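Visitor: Handing over upload.txt, compact mmCIF, C-alpha atoms and all ligand atoms.
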# COMPACT_ATOMS: atom_id res chain seq x y z
CA MET A 896 11.93 0.44 32.43
CA GLY A 897 10.09 3.40 34.00
CA VAL A 898 7.20 4.80 32.00
CA LEU A 899 5.10 7.85 32.76
CA VAL A 900 1.41 7.08 32.66
CA ASP A 901 -1.21 9.81 32.81
CA THR A 902 -4.29 8.80 34.71
CA TRP A 903 -7.28 11.08 34.34
CA SER A 904 -9.69 11.14 37.22
CA LEU A 905 -12.36 13.73 38.06
CA GLY A 906 -10.68 16.07 35.63
CA LYS A 907 -7.32 15.90 37.37
CA ALA A 908 -4.20 14.33 35.94
CA TYR A 909 -1.95 12.17 38.03
CA ALA A 910 1.45 11.02 36.86
CA THR A 911 2.38 7.57 38.06
CA THR A 912 5.54 5.63 37.42
CA VAL A 913 4.99 1.99 36.54
CA THR A 914 7.37 -0.73 35.58
CA THR A 915 6.83 -2.42 32.23
CA VAL A 916 8.64 -5.21 30.52
CA GLU A 917 10.47 -4.12 27.38
CA PRO A 918 8.43 -5.63 24.50
CA ARG A 919 10.15 -8.38 22.60
CA PRO A 920 11.21 -7.33 19.10
CA ASP A 921 8.89 -8.74 16.45
CA LEU A 922 10.67 -10.85 13.84
CA ALA A 923 8.06 -9.67 11.33
CA GLU A 924 9.24 -6.07 11.76
CA LEU A 925 12.91 -6.71 11.06
CA ASP A 926 14.52 -6.49 7.67
CA ARG A 927 17.34 -8.98 7.22
CA PRO A 928 20.26 -6.68 8.16
CA ALA A 929 18.34 -5.67 11.30
CA LEU A 930 17.59 -9.31 12.11
CA GLU A 931 21.24 -10.26 11.61
CA ALA A 932 22.28 -7.47 13.99
CA ALA A 933 19.64 -8.49 16.55
CA LEU A 934 20.80 -12.11 16.43
CA GLU A 935 24.44 -11.17 16.74
CA ALA A 936 23.71 -8.86 19.67
CA ARG A 937 22.25 -11.90 21.47
CA GLY A 938 25.24 -14.08 20.72
CA HIS A 939 23.68 -16.03 17.81
CA LYS A 940 25.10 -16.52 14.33
CA ARG A 941 24.02 -13.99 11.71
CA PHE A 942 23.28 -16.65 9.08
CA HIS A 943 20.25 -17.80 11.05
CA ALA A 944 18.55 -14.66 9.70
CA ARG A 945 18.42 -16.30 6.26
CA GLN A 946 16.82 -19.43 7.67
CA ILE A 947 14.31 -17.36 9.63
CA PHE A 948 13.45 -15.31 6.53
CA ARG A 949 12.88 -18.49 4.53
CA TRP A 950 10.56 -19.86 7.18
CA ILE A 951 8.51 -16.71 7.59
CA TYR A 952 8.24 -15.62 3.97
CA LYS A 953 8.84 -18.66 1.79
CA HIS A 954 7.14 -21.25 3.98
CA GLY A 955 4.68 -19.01 5.82
CA VAL A 956 5.26 -20.27 9.35
CA THR A 957 3.72 -18.29 12.18
CA GLU A 958 5.53 -20.00 15.08
CA ILE A 959 9.24 -19.85 15.79
CA ASP A 960 9.01 -23.44 16.98
CA ALA A 961 8.05 -24.53 13.47
CA MET A 962 11.48 -23.46 12.14
CA THR A 963 12.77 -27.00 12.28
CA ASP A 964 16.23 -26.48 10.80
CA LEU A 965 17.11 -24.36 13.86
CA SER A 966 18.23 -26.33 16.90
CA ARG A 967 15.70 -26.91 19.65
CA GLU A 968 17.76 -24.70 22.01
CA LEU A 969 17.94 -21.86 19.52
CA ARG A 970 14.18 -22.03 18.91
CA ALA A 971 13.59 -21.86 22.65
CA THR A 972 15.80 -18.79 23.15
CA LEU A 973 14.37 -17.10 20.06
CA THR A 974 10.86 -17.72 21.37
CA SER A 975 11.70 -16.02 24.65
CA ASP A 976 13.60 -13.17 22.93
CA PHE A 977 11.35 -12.41 19.94
CA ALA A 978 7.70 -12.22 19.01
CA LEU A 979 6.41 -13.27 15.58
CA THR A 980 3.12 -11.59 14.70
CA ARG A 981 1.00 -11.02 11.64
CA PRO A 982 -2.34 -9.31 11.00
CA THR A 983 -5.33 -11.56 11.65
CA LEU A 984 -7.99 -12.19 9.07
CA ALA A 985 -11.23 -10.69 10.40
CA GLN A 986 -13.40 -11.03 7.31
CA ARG A 987 -13.12 -12.25 3.73
CA GLU A 988 -15.54 -11.54 0.89
CA THR A 989 -15.48 -12.83 -2.66
CA SER A 990 -16.91 -10.97 -5.64
CA VAL A 991 -18.68 -12.67 -8.54
CA ASP A 992 -15.69 -11.61 -10.69
CA GLY A 993 -13.23 -13.36 -8.37
CA THR A 994 -11.94 -10.22 -6.63
CA GLU A 995 -11.56 -10.83 -2.91
CA LYS A 996 -11.54 -8.30 -0.11
CA PHE A 997 -9.78 -9.02 3.17
CA LEU A 998 -10.47 -7.13 6.37
CA LEU A 999 -7.39 -7.48 8.57
CA ARG A 1000 -7.08 -6.73 12.25
CA LEU A 1001 -3.82 -5.24 13.52
CA ALA A 1002 -2.22 -5.77 16.93
CA ASP A 1003 -3.72 -2.53 18.31
CA GLY A 1004 -7.24 -3.44 17.18
CA ARG A 1005 -7.26 -1.14 14.15
CA HIS A 1006 -8.44 -2.59 10.85
CA ILE A 1007 -7.22 -2.27 7.29
CA GLU A 1008 -8.31 -3.76 4.01
CA SER A 1009 -6.34 -5.56 1.32
CA VAL A 1010 -7.73 -6.74 -2.00
CA PHE A 1011 -6.86 -9.66 -4.26
CA ILE A 1012 -7.50 -9.13 -7.96
CA PRO A 1013 -7.04 -12.32 -9.99
CA ASP A 1014 -6.05 -12.65 -13.64
CA THR A 1015 -5.23 -9.07 -14.60
CA PRO A 1016 -3.51 -11.06 -16.29
CA ALA A 1017 -1.24 -11.59 -13.26
CA MET A 1018 -2.44 -12.20 -9.73
CA THR A 1019 -2.41 -8.85 -7.94
CA PHE A 1020 -2.45 -7.98 -4.25
CA CYS A 1021 -3.65 -4.45 -3.50
CA VAL A 1022 -2.06 -3.49 -0.22
CA SER A 1023 -2.57 -0.64 2.28
CA THR A 1024 0.22 1.56 3.67
CA GLN A 1025 -1.74 3.54 6.27
CA VAL A 1026 -4.87 3.22 8.39
CA GLY A 1027 -6.93 5.94 6.69
CA CYS A 1028 -5.25 8.68 4.65
CA ALA A 1029 -4.40 12.34 5.15
CA MET A 1030 -4.66 13.36 1.47
CA ALA A 1031 -8.44 13.94 1.50
CA CYS A 1032 -8.94 13.60 -2.27
CA ALA A 1033 -12.46 14.83 -3.03
CA PHE A 1034 -13.67 11.58 -4.66
CA CYS A 1035 -12.02 9.04 -2.35
CA LEU A 1036 -13.75 7.35 0.56
CA THR A 1037 -10.54 6.47 2.38
CA GLY A 1038 -9.75 10.19 2.40
CA LYS A 1039 -12.92 10.77 4.41
CA MET A 1040 -11.44 8.79 7.32
CA GLY A 1041 -8.49 11.10 7.76
CA LEU A 1042 -5.20 9.55 8.82
CA VAL A 1043 -5.49 7.25 11.81
CA ARG A 1044 -1.90 6.03 11.74
CA ASN A 1045 0.94 4.78 9.58
CA LEU A 1046 1.41 1.07 9.07
CA THR A 1047 4.73 -0.47 10.04
CA ALA A 1048 6.82 -2.31 7.46
CA GLY A 1049 5.81 -5.56 9.17
CA GLU A 1050 2.13 -4.70 8.80
CA ILE A 1051 2.57 -3.83 5.12
CA VAL A 1052 4.43 -7.08 4.42
CA GLY A 1053 2.05 -8.85 6.82
CA GLN A 1054 -0.83 -8.24 4.39
CA VAL A 1055 1.14 -10.09 1.72
CA ARG A 1056 1.86 -12.95 4.14
CA VAL A 1057 -1.80 -13.31 5.05
CA LEU A 1058 -3.11 -13.05 1.48
CA ALA A 1059 -0.48 -15.40 0.06
CA ASP A 1060 -1.53 -18.06 2.58
CA ALA A 1061 -5.27 -17.47 2.33
CA LEU A 1062 -5.07 -17.72 -1.46
CA ASN A 1063 -2.48 -20.50 -1.56
CA LEU A 1064 -0.21 -18.33 -3.72
CA ARG A 1065 2.94 -18.36 -1.59
CA THR A 1066 4.94 -20.26 -4.17
CA LYS A 1067 3.35 -18.52 -7.18
CA LYS A 1068 4.25 -15.24 -8.84
CA PHE A 1069 2.05 -12.29 -8.01
CA ASN A 1070 2.12 -8.51 -8.34
CA ILE A 1071 1.69 -5.98 -5.59
CA VAL A 1072 0.11 -2.56 -6.00
CA LEU A 1073 0.33 -0.05 -3.16
CA MET A 1074 -3.15 1.23 -3.95
CA GLY A 1075 -5.08 0.22 -0.87
CA MET A 1076 -5.70 2.58 2.01
CA GLY A 1077 -3.18 5.37 2.47
CA GLU A 1078 -0.56 7.41 0.67
CA PRO A 1079 2.65 5.36 0.50
CA LEU A 1080 4.98 8.35 0.16
CA HIS A 1081 3.41 9.88 3.28
CA ASN A 1082 4.71 6.80 5.13
CA TYR A 1083 8.00 6.75 3.28
CA ASP A 1084 10.40 4.95 5.59
CA GLU A 1085 8.13 2.06 6.51
CA THR A 1086 6.97 1.64 2.91
CA MET A 1087 10.53 1.46 1.63
CA ARG A 1088 11.55 -0.92 4.40
CA ALA A 1089 8.59 -3.10 3.42
CA LEU A 1090 9.69 -3.07 -0.23
CA ARG A 1091 13.20 -4.15 0.80
CA MET A 1092 11.80 -6.96 2.91
CA LEU A 1093 9.60 -8.11 0.02
CA ALA A 1094 12.58 -7.99 -2.33
CA ASP A 1095 14.84 -10.04 -0.02
CA GLU A 1096 16.14 -13.07 -1.89
CA HIS A 1097 15.66 -15.28 1.16
CA GLY A 1098 12.09 -14.09 1.63
CA PHE A 1099 9.43 -13.41 -1.00
CA ASP A 1100 12.25 -12.53 -3.40
CA MET A 1101 9.95 -10.14 -5.26
CA SER A 1102 11.32 -8.34 -8.24
CA ALA A 1103 10.66 -4.61 -7.86
CA ARG A 1104 9.21 -4.78 -11.38
CA ARG A 1105 6.26 -6.65 -9.89
CA ILE A 1106 5.52 -3.86 -7.41
CA THR A 1107 3.73 -0.61 -8.27
CA LEU A 1108 3.68 2.36 -5.93
CA SER A 1109 0.78 4.76 -6.50
CA THR A 1110 1.08 8.30 -5.17
CA VAL A 1111 -0.52 11.73 -5.32
CA GLY A 1112 3.02 13.00 -5.96
CA LEU A 1113 4.56 14.24 -2.72
CA LEU A 1114 7.51 15.88 -4.42
CA PRO A 1115 10.32 15.65 -1.85
CA ALA A 1116 9.49 11.98 -1.30
CA LEU A 1117 9.28 11.41 -5.05
CA GLU A 1118 12.76 12.92 -5.48
CA ARG A 1119 14.02 10.63 -2.72
CA LEU A 1120 12.39 7.60 -4.31
CA ALA A 1121 14.33 8.38 -7.49
CA THR A 1122 17.57 7.61 -5.59
CA GLU A 1123 16.53 4.24 -4.09
CA ASP A 1124 18.12 0.91 -4.89
CA VAL A 1125 14.78 -0.93 -4.73
CA MET A 1126 12.75 0.85 -7.39
CA PRO A 1127 9.05 -0.01 -7.80
CA ASN A 1128 7.00 0.94 -10.83
CA LEU A 1129 5.54 4.37 -10.39
CA ALA A 1130 1.90 5.39 -10.77
CA ILE A 1131 0.99 9.05 -10.30
CA SER A 1132 -2.57 9.99 -9.38
CA LEU A 1133 -2.92 12.95 -11.72
CA HIS A 1134 -6.71 13.26 -12.20
CA ALA A 1135 -6.69 16.68 -13.89
CA PRO A 1136 -4.56 18.54 -16.43
CA THR A 1137 -4.49 21.95 -14.73
CA ASP A 1138 -3.69 23.22 -11.23
CA LEU A 1139 -7.08 24.87 -11.05
CA GLN A 1140 -8.94 21.59 -11.55
CA ARG A 1141 -6.49 19.37 -9.69
CA GLY A 1142 -6.44 21.70 -6.68
CA GLU A 1143 -10.16 21.04 -6.27
CA LEU A 1144 -9.71 17.27 -6.37
CA VAL A 1145 -6.36 16.62 -4.72
CA PRO A 1146 -5.78 19.21 -1.96
CA ILE A 1147 -1.99 18.60 -1.79
CA ASN A 1148 -1.81 20.01 -5.34
CA LYS A 1149 -1.77 23.46 -3.76
CA LYS A 1150 1.67 22.55 -2.43
CA TYR A 1151 3.01 20.38 -5.26
CA GLY A 1152 1.52 21.51 -8.56
CA VAL A 1153 0.98 19.70 -11.85
CA ARG A 1154 4.04 21.17 -13.62
CA ASP A 1155 6.41 20.25 -10.80
CA ILE A 1156 5.09 16.70 -10.74
CA ILE A 1157 5.48 16.31 -14.50
CA ASP A 1158 9.03 17.69 -14.30
CA ALA A 1159 9.86 15.23 -11.51
CA CYS A 1160 8.44 12.41 -13.67
CA LYS A 1161 10.64 13.45 -16.57
CA ARG A 1162 13.70 13.20 -14.30
CA PHE A 1163 12.60 9.92 -12.71
CA PRO A 1164 15.03 7.09 -13.55
CA LEU A 1165 13.18 4.46 -15.57
CA SER A 1166 14.53 1.17 -16.73
CA ARG A 1167 14.57 0.63 -20.47
CA ARG A 1168 11.19 -1.10 -20.62
CA SER A 1169 9.28 0.68 -17.90
CA ARG A 1170 6.97 3.67 -18.07
CA ILE A 1171 5.25 5.90 -15.54
CA THR A 1172 1.50 5.34 -15.23
CA PHE A 1173 -0.69 8.41 -14.86
CA GLU A 1174 -3.94 7.52 -13.12
CA TYR A 1175 -6.89 9.71 -14.01
CA VAL A 1176 -10.23 9.22 -12.25
CA LEU A 1177 -12.95 10.31 -14.68
CA LEU A 1178 -15.57 12.51 -12.99
CA ALA A 1179 -18.64 13.62 -14.93
CA GLY A 1180 -18.49 17.31 -15.76
CA ALA A 1181 -15.34 17.92 -13.69
CA ASN A 1182 -12.42 16.58 -15.75
CA ASP A 1183 -13.93 14.55 -18.62
CA SER A 1184 -14.35 17.06 -21.47
CA PRO A 1185 -12.63 16.71 -24.88
CA GLN A 1186 -10.62 19.78 -23.99
CA ASP A 1187 -9.44 18.14 -20.75
CA ALA A 1188 -8.40 15.08 -22.78
CA ARG A 1189 -6.38 17.22 -25.19
CA LYS A 1190 -4.74 19.15 -22.34
CA LEU A 1191 -3.90 15.88 -20.58
CA ALA A 1192 -2.33 14.38 -23.70
CA LYS A 1193 -0.25 17.52 -24.22
CA LEU A 1194 0.82 17.63 -20.57
CA VAL A 1195 2.08 14.04 -20.38
CA GLY A 1196 3.29 13.94 -23.99
CA GLY A 1197 6.93 14.51 -22.98
CA VAL A 1198 6.97 11.74 -20.37
CA LYS A 1199 7.62 8.06 -21.07
CA CYS A 1200 4.22 7.05 -19.79
CA LYS A 1201 0.83 5.46 -20.16
CA VAL A 1202 -2.47 6.88 -18.97
CA ASN A 1203 -4.84 4.72 -16.95
CA LEU A 1204 -8.36 6.12 -16.93
CA ILE A 1205 -10.40 5.08 -13.87
CA PRO A 1206 -14.13 5.74 -14.24
CA LEU A 1207 -15.28 6.96 -10.82
CA ASN A 1208 -16.70 4.43 -8.40
CA ALA A 1209 -19.57 6.54 -7.19
CA ALA A 1210 -20.56 6.26 -3.54
CA PRO A 1211 -22.79 8.04 -1.04
CA GLY A 1212 -20.91 11.03 0.32
CA ILE A 1213 -18.83 11.43 -2.84
CA PRO A 1214 -20.02 14.58 -4.67
CA PHE A 1215 -19.29 13.29 -8.18
CA GLU A 1216 -20.81 10.99 -10.79
CA ARG A 1217 -19.27 8.48 -13.11
CA PRO A 1218 -19.32 9.69 -16.74
CA SER A 1219 -21.31 7.73 -19.32
CA ASP A 1220 -19.53 5.04 -21.34
CA GLU A 1221 -19.68 7.30 -24.42
CA VAL A 1222 -17.87 10.10 -22.60
CA ILE A 1223 -15.28 7.65 -21.26
CA ASP A 1224 -14.67 6.26 -24.78
CA ARG A 1225 -14.48 9.73 -26.30
CA PHE A 1226 -11.92 10.81 -23.68
CA ALA A 1227 -9.80 7.68 -24.18
CA LYS A 1228 -9.89 8.07 -27.96
CA ILE A 1229 -8.68 11.67 -27.89
CA VAL A 1230 -5.76 10.73 -25.62
CA ALA A 1231 -4.90 7.70 -27.76
CA ASP A 1232 -5.15 9.66 -31.02
CA SER A 1233 -2.59 12.10 -29.73
CA GLY A 1234 -0.10 9.23 -29.43
CA VAL A 1235 -0.30 8.50 -25.70
CA THR A 1236 -0.91 4.89 -24.61
CA VAL A 1237 -4.16 4.77 -22.71
CA SER A 1238 -6.21 2.10 -20.93
CA VAL A 1239 -9.50 2.18 -19.07
CA ARG A 1240 -9.39 0.39 -15.73
CA LYS A 1241 -11.95 -2.35 -15.58
CA SER A 1242 -14.34 -2.28 -12.69
CA ARG A 1243 -13.56 -5.11 -10.26
CA GLY A 1244 -15.25 -6.33 -7.11
CA ARG A 1245 -18.07 -3.81 -7.18
CA ASP A 1246 -20.55 -6.16 -5.52
CA ILE A 1247 -18.32 -6.50 -2.46
CA ARG A 1248 -17.30 -2.86 -2.46
CA ALA A 1249 -13.61 -3.50 -2.94
CA ALA A 1250 -12.63 -0.99 -5.62
CA CYS A 1251 -9.48 1.02 -5.93
CA GLY A 1252 -9.32 3.93 -3.55
CA GLN A 1253 -12.64 2.93 -2.07
CA LEU A 1254 -11.56 1.14 1.06
CA ILE A 1255 -12.80 2.59 4.29
CA VAL A 1256 -13.18 1.09 7.72
CA GLU A 1257 -15.28 3.30 9.91
CA GLY A 1258 -15.23 3.66 13.66
CA GLN A 1259 -11.47 4.04 13.74
CA LYS A 1260 -10.98 7.72 14.48
CA PRO A 1261 -8.07 7.93 16.94
CA SER A 1262 -10.44 8.71 19.80
CA ALA A 1263 -13.31 6.48 18.70
CA GLY A 1264 -14.29 3.18 20.25
CA GLN A 1265 -13.93 -0.13 18.55
CA GLN A 1266 -17.35 -0.34 16.92
CA LEU A 1267 -16.80 -1.26 13.32
CA ALA A 1268 -18.69 -0.85 10.09
CA VAL A 1269 -17.11 -1.75 6.80
CA VAL A 1270 -18.33 0.47 4.01
CA ALA A 1271 -15.95 0.03 1.13
CA PHE A 1272 -17.32 0.75 -2.31
CA GLY A 1273 -16.38 -1.27 -5.32
CA GLY A 1274 -16.05 -0.44 -8.93
N1 LIG A 1301 -2.79 7.39 -2.19
C1 LIG A 1301 -2.36 6.72 -3.35
C2 LIG A 1301 -2.80 5.27 -3.47
C3 LIG A 1301 -4.21 4.89 -3.08
S1 LIG A 1301 -5.55 5.19 -4.14
C4 LIG A 1301 -2.80 7.51 -4.59
O1 LIG A 1301 -3.54 8.47 -4.45
O2 LIG A 1301 -2.35 7.20 -5.68
C5 LIG A 1301 -5.37 4.24 -5.59
C6 LIG A 1301 -6.07 4.90 -6.78
O3 LIG A 1301 -7.50 4.86 -6.64
C7 LIG A 1301 -5.70 6.36 -6.91
O4 LIG A 1301 -5.39 6.69 -8.22
C8 LIG A 1301 -6.96 7.03 -6.45
O5 LIG A 1301 -7.04 8.33 -6.91
C9 LIG A 1301 -8.03 6.10 -7.00
N2 LIG A 1301 -9.36 6.36 -6.45
C10 LIG A 1301 -9.67 6.91 -5.27
N3 LIG A 1301 -11.01 7.03 -5.14
C11 LIG A 1301 -11.57 6.55 -6.26
C12 LIG A 1301 -12.91 6.41 -6.73
N4 LIG A 1301 -13.95 6.81 -6.01
N5 LIG A 1301 -13.11 5.85 -7.93
C13 LIG A 1301 -12.06 5.44 -8.68
N6 LIG A 1301 -10.78 5.54 -8.28
C14 LIG A 1301 -10.52 6.10 -7.10
Would it be possible to restate this file's structure as structure tokens?
Ligand code: SAH

Guide:
Amino acid sequence: MGVLVDTWSLGKAYATTVTTVEPRPDLAELDRPALEAALEARGHKRFHARQIFRWIYKHGVTEIDAMTDLSRELRATLTSDFALTRPTLAQRETSVDGTEKFLLRLADGRHIESVFIPDTPAMTFCVSTQVGCAMACAFCLTGKMGLVRNLTAGEIVGQVRVLADALNLRTKKFNIVLMGMGEPLHNYDETMRALRMLADEHGFDMSARRITLSTVGLLPALERLATEDVMPNLAISLHAPTDLQRGELVPINKKYGVRDIIDACKRFPLSRRSRITFEYVLLAGANDSPQDARKLAKLVGGVKCKVNLIPLNAAPGIPFERPSDEVIDRFAKIVADSGVTVSVRKSRGRDIRAACGQLIVEGQKPSAGQQLAVVAFGG
């Protein structure tokens, strides 16, 4: 295949045509219908896709040759026709509270972080959907990175493959929260493809009830999500009861305001038992007054929901403070007294800087070199 390559030399650009080999499709990037089609196109039987899914996701193999219920010949042709990749584990840190942070290296050398939170009461994997994030929320360290790139579905599911093996949880039940780096609805197609792959009965076979998607509320994507067949639990990063306050914290609020988000939540199809979670990062003096609590309770009162208060994980470069415990309790009590279910998110993994929304891998700007410093802040 001919590819145009720009070569820059002494300020002049030359266009050269080079011949490259078409990359082999990666089995880890294919959902089952796509894998069935790819197999059929190469003259193989579609049902092998089920076997391959079982090997990759249920048994955790990383080599096609280890798929021993496929014939030797088939394994050999698959190995020449397909790649099978997964992110590599670059670093692993364990907190005194059992939270574990995983630094994963992707095929292009970029890094992401995933977090394991044990006993909450379930086992929970906190997974990234992008390298960096474009949302630039005022209190979030990942937002400071800007968006480097979207993750592919295979890279999103790949985090689950790596963590499940590293933690020996492949055969156990665990939850997944899309609350790592990135805004899942800003990477809609790959995120949804990842959810379908995770739900596949021949793979991880995850019930969508065990998966929570957390979003700032990109409205068109939220409306689209409402029509999907695989429907995760929904968490909305609300953080303030008025457009004036929220606009300061979550820049995209200028486009999709508080009212519109609440209306979309009211229309969102919920199963009988499920509720929308509103996440609310508590910031001293910015959104933590009794009046804010009353406004919040009134705002979400018409939605089948619960409120999850997240006391800020303060960090250098973040221009906010965490409120005192008294202020946090007072806020929670006002919300609860008005009849809204409320919880305060417990601080996990602070000593290894692995907290929610606080994952950042520096030195990854699109133009930057590969020098790497991990400065994730826990809480
Ligand atoms: N982009 C998505 C998911 C990633 S962030 C979203 O915004 O929902 C997961 C949660 O962590 C969000 O509610 C986010 O607002 C919160 N968060 C970000 N920075 C934080 C901080 N410094 N302290 C506490 N929570 C934070």

Visitor: Taking all atoms listed in the file into account, report as a PyMOL selection string which residues have an atom no farther than 8 Å from an atom of ligand LIG 1301 (chain A).

Guide: chain A and resi 1023+1028+1030+1032+1034-1037+1073-1079+1108-1112+1130-1134+1174-1177+1205-1210+1213+1250-1253+1272+1274

Visitor: How big is the axis-aligned box, and where does its centre sit, when it encloses all atoms of region 937-949 of chain A listed in the file and has 3 Å added on every side, reported in Å to one decimal as JSON?

Guide:
{"center_x": 19.1, "center_y": -15.7, "center_z": 13.0, "size_x": 18.4, "size_y": 13.5, "size_z": 22.9}

Visitor: Find the residues around Leu1165 (chain A) up to 10 Å (only C-alpha atoms counted), leave out those fewer than 3 positions away in its own chain, and share them as a ChimeraX atom specification.

Guide: /A:1121,1126-1129,1160-1162,1168-1171,1199

Visitor: Gly1152 (chain A): which residues within 9 Å, counting only C-alpha atoms, same-chain residues fewer than 5 positions away excluded, as a ChimeraX atom specification?

Guide: /A:1137-1138,1141-1142,1147,1157

Visitor: Hey, what's within 8 Å of Leu965 (chain A) if we count all atoms listed in the file and toss same-chain stuff fewer than 5 positions away? As number ranges by chain, please?

Guide: A: 943, 946, 970

Visitor: Name the residues within 9 Å of (-9.7, -13.4, 14.8), counting all atoms listed in the file in the file's coordinates, and put them as number ranges by chain.

Guide: A: 983-986, 999-1000

Visitor: Using all atoms listed in the file, which protein or nucleic acid residues come within 12 Å of Pro982 (chain A)? Drop anything in the same chain fewer than 3 positions from it, and give the result as a ChimeraX atom specification.

Guide: /A:923,957,979,985-986,997-1009,1046-1047,1049-1058

Visitor: Please, what distance in Å, to one decimal, runs between CA of Pro1136 (chain A) and CA of Gly1212 (chain A)?

Guide: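 A separation of 24.6 Å between them.
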
Visitor: Go through A:Ala944, A:Ala978, A:Asn1182, A:Arg949 one by one, measure the shortest atom-to-atom distance of each to Ala932 (chain A) using all atoms listed in the file, and give the residue with the smallest value.

Guide: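 The shortest atom-to-atom distance to Ala932 (chain A) comes from A:Ala944.
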
Visitor: (23.8, -17.6, 10.2) in this file's frame - what residues fall within 12 Å of it? Use only C-alpha atoms and give the answer as a list in words.

Guide: Arg927, Pro928, Leu930, Glu931, Ala932, Ala933, Leu934, Glu935, Gly938, His939, Lys940, Arg941, Phe942, His943, Ala944, Arg945, Gln946, Ile947, Phe948, Asp964, Leu965 and Leu969 of chain A

Visitor: Quick one: of A:Leu1090, A:Lys953, A:Asn1082, A:Leu922, who's nearest to Thr974 (chain A), counting all atoms listed in the file?

Guide: A:Leu922

Visitor: Suppose you want the space between CA of Arg1091 (chain A) and CA of Ala929 (chain A); what is it in Å?

Guide: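 Those two atoms sit 11.8 Å apart.
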
Visitor: One decimal, in Å: what's the spacing between CA of Asn1148 (chain A) and CA of Pro1115 (chain A)?

Guide: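 So the two atoms, CA of Asn1148 (chain A) and CA of Pro1115 (chain A), lie 13.4 Å apart.
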
Visitor: Here is a test: counting only C-alpha atoms, which residue of A:Ala1031, A:Val1237, A:Val1043, A:Met1101 is nearest to Phe1173 (chain A)?

Guide: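 Counting only C-alpha atoms, the residue closest to Phe1173 (chain A) is A:Val1237.
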
Visitor: If we count all atoms listed in the file and set the cut-off at 12 Å, which residues sit around Thr1236 (chain A), ignoring sequence neighbours fewer than 6 positions away in its own chain? Please answer as a compact mmCIF listing (two decimals) with C-alpha atoms, in the coordinates of the input.

Guide:
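Below you can see out_14.txt, which holds the result:
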# COMPACT_ATOMS: atom_id res chain seq x y z
CA ARG A 1170 6.97 3.67 -18.07
CA ILE A 1171 5.25 5.90 -15.54
CA THR A 1172 1.50 5.34 -15.23
CA PHE A 1173 -0.69 8.41 -14.86
CA ALA A 1192 -2.33 14.38 -23.70
CA VAL A 1195 2.08 14.04 -20.38
CA GLY A 1196 3.29 13.94 -23.99
CA VAL A 1198 6.97 11.74 -20.37
CA LYS A 1199 7.62 8.06 -21.07
CA CYS A 1200 4.22 7.05 -19.79
CA LYS A 1201 0.83 5.46 -20.16
CA VAL A 1202 -2.47 6.88 -18.97
CA ASN A 1203 -4.84 4.72 -16.95
CA LEU A 1204 -8.36 6.12 -16.93
CA ALA A 1227 -9.80 7.68 -24.18
CA LYS A 1228 -9.89 8.07 -27.96
CA ILE A 1229 -8.68 11.67 -27.89
CA VAL A 1230 -5.76 10.73 -25.62

Visitor: Using all atoms listed in the file, pick whichever of A:Ile1223, A:Ile959, A:Leu1144, A:Ala1116 has the shortest atom-to-atom distance to Ser975 (chain A).

Guide: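 Distance minimum relative to Ser975 (chain A) lands on A:Ile959.
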
Visitor: Taking all atoms listed in the file into account, which of A:Asp1100, A:Glu968, A:Asp960, A:Asp1084 comes nearest Lys1067 (chain A)?

Guide: A:Asp1100

Visitor: Please determine, counting only C-alpha atoms, which residue among A:Asp1060, A:Ala1048, A:Glu988, A:Phe977 has the shortest atom-to-atom distance to Val956 (chain A).

Guide: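 Smallest distance to Val956 (chain A) is found for A:Asp1060.
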